[in-house]
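**Student:** Just dropping this structure here.
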Amino acid sequence: MSRAQVVDGVIAVGVAAALVVAGRSAKHVPADLDVLGYAALAAGGLALAARRRAPIAVLAATAVCALAYQVAGFEVPVVAYLFAVYAAVRAGHRIAAVVASVLMLAAIPLALLASGVHDTGAAFTQSRDVLQLAWLIAAGAAGEALRQAERRADEAERTREETARRRADEERLHIARELHDSLTHQISVIKVQAEVAVHLARKRGEDVPDALLAIRDAGREATRELRATLEALRDDDKDPPRGLDDVPDLVRQARTTGLDAQLTVEGPRDAVPDAVGRTAYRIVQESLTNIARHAAADTASVRIDHRPGALVIRVDDDGKATVDSLPGVGLTGMRERVTALGGRLEAGPRREGGFRVRAELPVDPA
């Protein structure tokens, strides 16, 4: 049992005891309804134990109990109901609390008339003692004030987490750039030295060792990979961030490599946040790059589906790639981008053959 549940239980028992004690000293008319009155007094207080888990149900239960002991002739203030109003407003159910309170203001005089009060004016006078409007407003105001304070605290905590995450991302990006620059320089030196050695060997008419040719080719490939990585790491004014509008260019570029790539866009093309558009572009770019380099595929399809509250990107191919055969950095980068936006990424073989990358990105402003 949590600490909050223990506190709620103690408050519920305390309110129930206070109501029963107040009921013993209160004047009531029909003696045959004593059992009903005491039961309603106790039940109204004990119901508060569930005020955090089910605030609406507790609001209804305390209202019914309050009316019940008023009908039984117990002129006891509806303290448990005021606690329930506070709990409901704190939980965000303001409309329900207002509607219930309006109904209570009208129902209490009727309950007093049913208890034996014959004068309508006296019933309304007693109802003001039982449920004063000032108490009701104070309970609602206290609940709303605490709800706003908790919301601001949550926002402050979320802001701190986002700031820490952004700083961590910036530091990772800085490290990645430094590593990229260092590797680019070293690999460029290796590539140039290998190309010079191959050139000199051929010039002298000597056989070029296969290991030297492999070093030269690996240096060229690594340089191309690092250049592609640099484009993802560095965005400046001359090369602004890409978005959904640039995806058709990616598909056209894929066709120039001999891949039969098709693009399908469905759904109403509502405004998409820039971060979502950039992530969608990077997912398509990385997927098509992996298809061209590692999948040995003939066809590929890119599907972008605009759905209510979400943007779904799906890239399918008929190649032979597997999760193990793809670069781990590429899939990890896509997954990190999607997770940072609160989305989901799935990547794996298709039943009908080939490979599929599917990402669902939330576009709701909230």
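Residues are named by chain letter and number: chains run A, B, ... in the order of the structure tokens, numbers start at 1 in each chain, and ligands are numbered from 1 in the order shown.
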Set the distance at 9 Å and use only C-alpha atoms: which residues neighbour segment 185-198 of chain A once local chain neighbours fewer than 5 positions away are removed? I'd like the list as a ChimeraX atom specification.

**Tutor:** /A:180,203,208-209,212-213,215-220,222-223

**Student:** Write out as a VMD selection string all residues of segment 125-300 of chain A that backbone DSSP assigns to alpha helix (DSSP H).

**Tutor:** chain A and resid 125 to 130 133 to 203 210 to 233 247 to 256 274 to 290

**Student:** Could you list, as a PyMOL selection string, every residue within 10 Å of Ala22 of chain A, counting only C-alpha atoms and ignoring same-chain residues fewer than 3 positions away?

**Tutor:** chain A and resi 16-19+25-27+41+74-77

**Student:** Write out as a list in words each polymer residue whose atoms come within 7 Å of Gly9 of chain A, counting only C-alpha atoms; drop sequence neighbours fewer than 4 positions from it.

**Tutor:**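 After dropping sequence-adjacent residues, the list is Gln5, Val13 and Ala49 of chain A.
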
**Student:** Kindly indicate which residue among A:Gly92, A:Gly354, A:Pro362, A:Gly45 lies nearest to Thr339 of chain A, using only C-alpha atoms for the distances.

**Tutor:**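 So, comparing all the options, the nearest one is A:Pro362.
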
**Student:** Which of these residues is nearest to Thr299 of chain A, using only C-alpha atoms: A:Val98, A:Ala72, A:Ala60, A:Val251?

**Tutor:**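 Looking only at the distances to Thr299 of chain A, the closest residue turns out to be A:Val251.
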
**Student:** Choose the residue, out of A:Ala114, A:Ala176, A:Ala141, A:Asp34, that has the smallest atom-to-atom separation from Ala87 of chain A; count only C-alpha atoms.

**Tutor:**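 So, comparing all the options, the nearest one is A:Ala141.
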
**Student:** For Ala149 of chain A, which residue among A:Arg269, A:Arg90, A:Glu161, A:Gly343 is the nearest when counting only C-alpha atoms?

**Tutor:**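 Of the candidates, the smallest distance to Ala149 of chain A is held by A:Arg90.
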
**Student:** Could you name the residues that touch segment 275-281 of chain A at 9 Å or less, counting only C-alpha atoms, but leaving out those on the same chain fewer than 6 positions away, as number ranges by chain?

**Tutor:** A: 241-247, 250, 304, 311-313, 334, 337-338, 341, 359, 361-363

**Student:** As a PyMOL selection string, please: every residue in segment 187-269 of chain A that a backbone DSSP assignment puts in strand (DSSP E).

**Tutor:** chain A and resi 260-266

**Student:** Measuring between only C-alpha atoms, which one of A:Val357, A:Ala84, A:Ala96, A:Ala340 shows the shortest distance to Arg166 of chain A?

**Tutor:**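 Result for the nearest residue to Arg166 of chain A: A:Ala340.
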